[in-house]
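*Asks:* Please read through the structure below; I'll follow up with questions.
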Amino acid sequence: MSSAAADRARYDRATAHLEAPLAIVDLGAFDRNARDLVRRAGGKPVRVASKSVRCRALLERVLAQDGFAGIMSFTLAESLWLAREGFDDVLLAYPSTDRDGFATLTSDPELAAAVTVMVDGIGQLDLIDSVRAGTEEVRVCLELDTSLRLLGGRVRVGARRSPLREPVQLAELARAVERRPGFRVVGLMAYEGHVAGVGDAVPGRPLRSRMIRLMQSTARRELAERRAAAVRAVRAVADLEFVNGGGTGSVQHTAAEAAVTEIAAGSGLYQPRLFDHYTSFHGRPAALFAQPVVRRPGVGVVTVLGGGYPASGVAGADRLPVPCLPEGLAYDPQEGPGEVQTPLLGTAADDLLIGDKVWFRHAKAGELCERFAELHLIDGESGDRVVASVPTYRGEGRTFL
């Protein structure tokens with residue numbers, strides 16, 4: 001029996017008592033992926049990106065393991081909720097305009113001590129001051145733009161995030177924060193998404209893969225120099241507690257920079273399909289969802305319920321979930337994954353009966369949890385039983401967006 005067939009048999013046995021659609025996390029694969037992230041970080045702590053997990057029980061599980069410390073959150077409401085739930089080191093990775101949230105933060109000493117907010121401009125400080133409801137000091141992290149600029153800036157590679165690109169700009173904002181009562185700079189973040197989130201081994205595209213590797217090598221060298229200079233410039237102004245960088249696809253490269261004190265990662269825990277094609281690491285798929293077979297339209301075809309769960313980003317085939325178990329199924333190119341039904345083609349379809357489960361992998365990590373209220377956790381030792389069913393953020397009534 002192939003490893004894929006063995007996985008399918010395990011998952012089918014473990015969830016035989018459960019009705020699909022459903023979502024699972026294989027704890028054996030999850031823990032193995034966690035250990036590999038720690039190994040690649042080379043002794044620097046890994047801060048867990050909560051947007052890639054979106055399940056409080058699994059955040060607790062990974063933070064209980066050696067090598068992990070702190071959470072990188074995605075909204076202020078989520079940050080405050082996590083802090084109230086006992087997570088005492090929460091870095092908000094994106095600027096916020098949540099006025100009620102800032103009023104709460106500035107009036108609660110425990111929340112203010114646990115949450116660090118992201119700032120890349122004076123206007124964000126003004127917004128916070130305009131709703132300040134107390135005197136608690138706001139912990140501030142500054143974000144460095146990591147994009148690679150070529151041909152005198154005419155070519156830009158990387159996400160459009162912070163306007164702060166040069167060390168002098170960060171130092172200037174750090175001085176402005178330090179001069180303003182009620183704020184303190186404690187951290188600096190730089191997320192190199194064009195390295196950490198772009199696979200460099202595209203199947204069937206050797207030339208494109210070489211070009212990506214060349215771009216990423218150039219980007220890493222340029223950013224390492226600029227990040228180190230930025231850290232020096234900000235440290236001359238403020239006493240930094242941490243310098244955060246990286247992502248699942250660049251853990252070992254970012255960790256090698258002396259200026260970086262911690263690594264951010266999250267997707268590598270679930271290992272969604274967008275992270276399959278890297279030369280530097282190979283994770284094991286840990287999060288899957290199952291849809292039931294509801295029709296058999298003909299030879300070589302089955303239809304499952306729903307399944308049209310596209311991921312965010314530029315629309316394309318790489319944003320779609322893929323049927324993975326049993327092997328040998330593919331979408332009908334005329335329909336693709338649908339809102340209420342999804343035809344699947346392939347010889348494997350002829351062995352499926354009404355009510356059987358077809359297992360899929362989502363393109364991105366935590367977004368799967370926006371579709372399901374709970375995750376069924378598959379035992380990491382025997383591998384063929386559900387040991388717990390835990391709520392996702394959605395299941396706890398927490399959407400945050």
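Residue numbering restarts at 1 in every chain; chains get A, B, ... in the order shown in the structure tokens, and ligands count up from 1 in that same order.
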Give me the residues near Leu18 (chain A) as a ChimeraX atom specification, where near means some atom within 12 Å (using only C-alpha atoms) and where sequence neighbours in that chain fewer than 3 positions away do not count.
*Replies:* /A:11-15,21-24,290-292,355-357,375-376,385-386,389
*Asks:* For Arg394 (chain A), work out the shell of residues within 9 Å, counting only C-alpha atoms and skipping chain neighbours fewer than 3 positions away, then give it as a list in words.
*Replies:*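 Neighbouring residues, sequence-local ones excluded: Arg54, Cys55, Cys369, Glu370, Arg371, Phe372, Ala373, Glu374, Pro391, Gly397, Arg398 and Thr399 of chain A.
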*Asks:* Restricted to N, CA and C atoms, what would the selected residues look like written as a PDB file, in the first residue's frame?
*Replies:*
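Written output follows (out-v5.pdb):
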ATOM      1  N   ARG A  54      -5.431  29.777  13.187  1.00  0.00           N
ATOM      2  CA  ARG A  54      -6.833  30.119  13.465  1.00  0.00           C
ATOM      3  C   ARG A  54      -7.565  29.063  14.302  1.00  0.00           C
ATOM      4  N   CYS A  55      -6.863  28.552  15.259  1.00  0.00           N
ATOM      5  CA  CYS A  55      -7.440  27.590  16.194  1.00  0.00           C
ATOM      6  C   CYS A  55      -6.686  27.741  17.510  1.00  0.00           C
ATOM      7  N   CYS A 369      -9.847  27.296   7.963  1.00  0.00           N
ATOM      8  CA  CYS A 369     -10.641  27.382   9.195  1.00  0.00           C
ATOM      9  C   CYS A 369     -11.802  28.351   9.084  1.00  0.00           C
ATOM     10  N   GLU A 370     -11.814  29.200   8.063  1.00  0.00           N
ATOM     11  CA  GLU A 370     -12.959  30.069   7.847  1.00  0.00           C
ATOM     12  C   GLU A 370     -14.146  29.297   7.283  1.00  0.00           C
ATOM     13  N   ARG A 371     -13.924  28.061   6.843  1.00  0.00           N
ATOM     14  CA  ARG A 371     -14.984  27.230   6.266  1.00  0.00           C
ATOM     15  C   ARG A 371     -15.559  26.228   7.260  1.00  0.00           C
ATOM     16  N   PHE A 372     -14.848  26.003   8.362  1.00  0.00           N
ATOM     17  CA  PHE A 372     -15.258  24.956   9.303  1.00  0.00           C
ATOM     18  C   PHE A 372     -15.262  25.497  10.726  1.00  0.00           C
ATOM     19  N   ALA A 373     -16.240  25.040  11.504  1.00  0.00           N
ATOM     20  CA  ALA A 373     -16.368  25.479  12.893  1.00  0.00           C
ATOM     21  C   ALA A 373     -15.471  24.687  13.829  1.00  0.00           C
ATOM     22  N   GLU A 374     -15.030  23.501  13.398  1.00  0.00           N
ATOM     23  CA  GLU A 374     -14.163  22.702  14.271  1.00  0.00           C
ATOM     24  C   GLU A 374     -13.172  21.889  13.443  1.00  0.00           C
ATOM     25  N   PRO A 391     -12.654  23.807  18.493  1.00  0.00           N
ATOM     26  CA  PRO A 391     -13.217  24.881  17.654  1.00  0.00           C
ATOM     27  C   PRO A 391     -12.137  25.677  16.942  1.00  0.00           C
ATOM     28  N   GLY A 397     -16.972  31.773  17.340  1.00  0.00           N
ATOM     29  CA  GLY A 397     -17.671  33.022  17.043  1.00  0.00           C
ATOM     30  C   GLY A 397     -16.740  34.190  16.850  1.00  0.00           C
ATOM     31  N   ARG A 398     -15.482  33.912  16.449  1.00  0.00           N
ATOM     32  CA  ARG A 398     -14.478  34.964  16.291  1.00  0.00           C
ATOM     33  C   ARG A 398     -14.073  35.063  14.830  1.00  0.00           C
ATOM     34  N   THR A 399     -14.588  36.058  14.120  1.00  0.00           N
ATOM     35  CA  THR A 399     -14.223  36.210  12.724  1.00  0.00           C
ATOM     36  C   THR A 399     -13.076  37.206  12.550  1.00  0.00           C
TER      37      THR A 399
END
*Asks:* For the atom pair CA of Arg273 (chain A) and CA of Ala286 (chain A), what is the interatomic distance in Å to one decimal place?
*Replies:*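 Between CA of Arg273 (chain A) and CA of Ala286 (chain A) the gap works out to 10.6 Å.
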*Asks:* So that I can check the surroundings of Leu269 (chain A), please list as number ranges by chain every protein, DNA and RNA residue that reaches within 12 Å of it, counting only C-alpha atoms and ignoring chain neighbours fewer than 3 positions away.
*Replies:* A: 25-38, 46, 48-54, 58-59, 61-63, 247-249, 264-266, 272, 275, 282-287, 364-366
*Asks:* Would you write out those residues with N, CA and C atoms, as a short mmCIF file (atom, residue, chain, number, x, y, z; two decimals), in the first residue's frame?
*Replies:*
data_model
loop_
_atom_site.label_atom_id
_atom_site.label_comp_id
_atom_site.auth_asym_id
_atom_site.auth_seq_id
_atom_site.Cartn_x
_atom_site.Cartn_y
_atom_site.Cartn_z
N VAL A 25 -6.90 17.74 11.41
CA VAL A 25 -5.46 18.01 11.52
C VAL A 25 -4.80 16.74 12.01
N ASP A 26 -3.85 16.26 11.26
CA ASP A 26 -3.05 15.09 11.63
C ASP A 26 -1.97 15.57 12.60
N LEU A 27 -2.13 15.22 13.88
CA LEU A 27 -1.21 15.74 14.90
C LEU A 27 0.22 15.23 14.71
N GLY A 28 0.36 14.03 14.17
CA GLY A 28 1.71 13.53 13.91
C GLY A 28 2.43 14.42 12.92
N ALA A 29 1.74 14.77 11.82
CA ALA A 29 2.34 15.64 10.81
C ALA A 29 2.52 17.06 11.36
N PHE A 30 1.54 17.55 12.11
CA PHE A 30 1.61 18.89 12.70
C PHE A 30 2.84 19.03 13.60
N ASP A 31 3.04 18.07 14.49
CA ASP A 31 4.17 18.14 15.42
C ASP A 31 5.51 17.98 14.70
N ARG A 32 5.51 17.12 13.69
CA ARG A 32 6.75 16.96 12.91
C ARG A 32 7.10 18.26 12.19
N ASN A 33 6.11 18.91 11.61
CA ASN A 33 6.36 20.18 10.94
C ASN A 33 6.84 21.25 11.93
N ALA A 34 6.27 21.22 13.14
CA ALA A 34 6.70 22.18 14.16
C ALA A 34 8.17 21.97 14.51
N ARG A 35 8.56 20.72 14.70
CA ARG A 35 9.96 20.44 15.03
C ARG A 35 10.89 20.87 13.90
N ASP A 36 10.44 20.72 12.66
CA ASP A 36 11.29 21.11 11.53
C ASP A 36 11.46 22.62 11.47
N LEU A 37 10.42 23.38 11.79
CA LEU A 37 10.55 24.83 11.84
C LEU A 37 11.57 25.25 12.89
N VAL A 38 11.52 24.60 14.05
CA VAL A 38 12.48 24.91 15.11
C VAL A 38 13.90 24.57 14.67
N VAL A 46 10.70 30.88 17.39
CA VAL A 46 9.74 31.02 16.31
C VAL A 46 8.45 31.61 16.88
N VAL A 48 4.60 32.32 16.29
CA VAL A 48 3.59 31.65 15.47
C VAL A 48 2.65 32.67 14.84
N ALA A 49 2.50 32.61 13.52
CA ALA A 49 1.56 33.47 12.81
C ALA A 49 0.16 32.89 12.95
N SER A 50 -0.67 33.55 13.73
CA SER A 50 -1.98 33.00 14.06
C SER A 50 -2.91 32.94 12.86
N LYS A 51 -2.74 33.82 11.87
CA LYS A 51 -3.62 33.78 10.71
C LYS A 51 -3.48 32.46 9.95
N SER A 52 -2.35 31.79 10.14
CA SER A 52 -2.12 30.52 9.46
C SER A 52 -2.59 29.32 10.26
N VAL A 53 -3.09 29.55 11.48
CA VAL A 53 -3.55 28.47 12.35
C VAL A 53 -5.03 28.62 12.68
N ARG A 54 -5.43 29.78 13.19
CA ARG A 54 -6.83 30.12 13.47
C ARG A 54 -7.57 29.06 14.30
N LEU A 58 -4.72 24.68 18.93
CA LEU A 58 -3.48 24.35 18.23
C LEU A 58 -2.41 25.41 18.46
N LEU A 59 -2.81 26.66 18.67
CA LEU A 59 -1.83 27.67 19.09
C LEU A 59 -1.23 27.29 20.44
N ARG A 61 -1.01 24.31 21.63
CA ARG A 61 -0.20 23.09 21.46
C ARG A 61 1.20 23.43 20.95
N VAL A 62 1.27 24.29 19.94
CA VAL A 62 2.59 24.56 19.36
C VAL A 62 3.42 25.44 20.29
N LEU A 63 2.78 26.35 21.02
CA LEU A 63 3.55 27.20 21.93
C LEU A 63 4.05 26.44 23.15
N GLY A 247 9.49 33.86 7.52
CA GLY A 247 8.25 33.20 7.17
C GLY A 247 8.59 31.75 6.87
N THR A 248 7.60 30.92 6.69
CA THR A 248 7.84 29.48 6.53
C THR A 248 8.88 29.17 5.46
N GLY A 249 8.83 29.87 4.34
CA GLY A 249 9.73 29.53 3.24
C GLY A 249 11.13 30.07 3.36
N ALA A 264 9.22 34.51 12.26
CA ALA A 264 7.78 34.30 12.20
C ALA A 264 7.48 33.15 11.24
N ALA A 265 6.56 32.29 11.62
CA ALA A 265 6.14 31.18 10.75
C ALA A 265 4.81 30.64 11.24
N GLY A 266 4.05 30.10 10.32
CA GLY A 266 2.76 29.52 10.69
C GLY A 266 2.27 28.53 9.66
N PRO A 272 0.02 23.70 3.68
CA PRO A 272 -0.94 23.75 2.58
C PRO A 272 -0.22 23.59 1.24
N PHE A 275 2.84 25.56 -0.32
CA PHE A 275 4.18 25.42 0.26
C PHE A 275 4.82 24.08 -0.10
N HIS A 282 10.75 20.39 3.07
CA HIS A 282 9.60 19.60 2.61
C HIS A 282 8.77 19.24 3.83
N GLY A 283 7.62 19.90 3.98
CA GLY A 283 6.74 19.60 5.08
C GLY A 283 5.78 18.47 4.74
N ARG A 284 5.06 18.03 5.76
CA ARG A 284 4.07 16.97 5.56
C ARG A 284 2.67 17.56 5.71
N PRO A 285 1.77 17.35 4.74
CA PRO A 285 0.42 17.89 4.86
C PRO A 285 -0.24 17.47 6.17
N ALA A 286 -0.69 18.44 6.95
CA ALA A 286 -1.29 18.14 8.25
C ALA A 286 -2.77 18.50 8.32
N ALA A 287 -3.21 19.46 7.51
CA ALA A 287 -4.61 19.90 7.53
C ALA A 287 -5.29 19.52 6.23
N LYS A 364 -4.05 27.62 0.96
CA LYS A 364 -3.38 28.37 2.01
C LYS A 364 -3.74 27.77 3.36
N ALA A 365 -3.05 28.20 4.39
CA ALA A 365 -3.13 27.50 5.67
C ALA A 365 -4.40 27.83 6.46
N GLY A 366 -4.40 28.92 7.20
CA GLY A 366 -5.49 29.19 8.12
C GLY A 366 -6.82 29.48 7.48
#
*Asks:* Fewer than 4 positions away in the same chain doesn't count, so skip those; otherwise give me all residues within 9 Å of His194 (chain A), counting only C-alpha atoms, as a VMD selection string.
*Replies:* chain A and resid 146 to 148 157 to 159 198 215 to 216 219
*Asks:* For the residues in the current selection, export C-alpha atoms as a PDB file, in the first residue's frame.
*Replies:*
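The resulting file, result.pdb, is reproduced below:
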ATOM      1  CA  THR A 146      11.416  44.439   2.310  1.00  0.00           C
ATOM      2  CA  SER A 147      10.654  44.700  -1.413  1.00  0.00           C
ATOM      3  CA  LEU A 148      13.451  44.271  -3.907  1.00  0.00           C
ATOM      4  CA  VAL A 157       9.315  42.646  -6.338  1.00  0.00           C
ATOM      5  CA  GLY A 158       7.499  42.103  -3.046  1.00  0.00           C
ATOM      6  CA  ALA A 159       4.331  42.984  -1.166  1.00  0.00           C
ATOM      7  CA  VAL A 198       7.038  31.997  -3.101  1.00  0.00           C
ATOM      8  CA  MET A 215      15.566  36.738  -7.551  1.00  0.00           C
ATOM      9  CA  GLN A 216      15.387  35.348  -4.031  1.00  0.00           C
ATOM     10  CA  ALA A 219      16.676  39.773  -2.467  1.00  0.00           C
TER      11      ALA A 219
END
*Asks:* Which one of A:Met189, A:Thr347, A:Ser217, A:Gly197 sits closest to Ser267 (chain A) if you count only C-alpha atoms?
*Replies:*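 The closest residue to Ser267 (chain A) is A:Gly197.
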*Asks:* Considering only C-alpha atoms, state which residue in the set A:Gly187, A:Pro206, A:Gly121, A:Gly199 is at the smallest distance from Glu172 (chain A).
*Replies:* A:Gly121
*Asks:* Please report the interatomic distance between CA of Ala236 (chain A) and CA of Asp120 (chain A) in Å with one decimal.
*Replies:* 18.0 Å
*Asks:* Can you work out which one of A:Asp108, A:Glu136, A:Arg160, A:Leu144 has the shortest atom-to-atom distance to Gly182 (chain A), counting only C-alpha atoms?
*Replies:*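 Result for the nearest residue to Gly182 (chain A): A:Glu136.
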*Asks:* Name the closest residue to Gly395 (chain A) among the candidates A:Arg56, A:Arg39, A:His17, A:Arg235; distances are taken between atoms, counting only C-alpha atoms.
*Replies:*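 Smallest distance to Gly395 (chain A) is found for A:Arg56.
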*Asks:* Could you check the closest approach to Ser3 (chain A) for each of A:Pro163, A:Pro326, A:Gly380, A:Pro181 and tell me which residue wins, using only C-alpha atoms?
*Replies:*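 Closest to Ser3 (chain A) of all the choices is A:Pro326.
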*Asks:* Would you mind telling me which residue in A:Val301, A:Val195, A:Ala133, A:Leu82 lies nearest to Thr106 (chain A) when using only C-alpha atoms?
*Replies:* A:Ala133
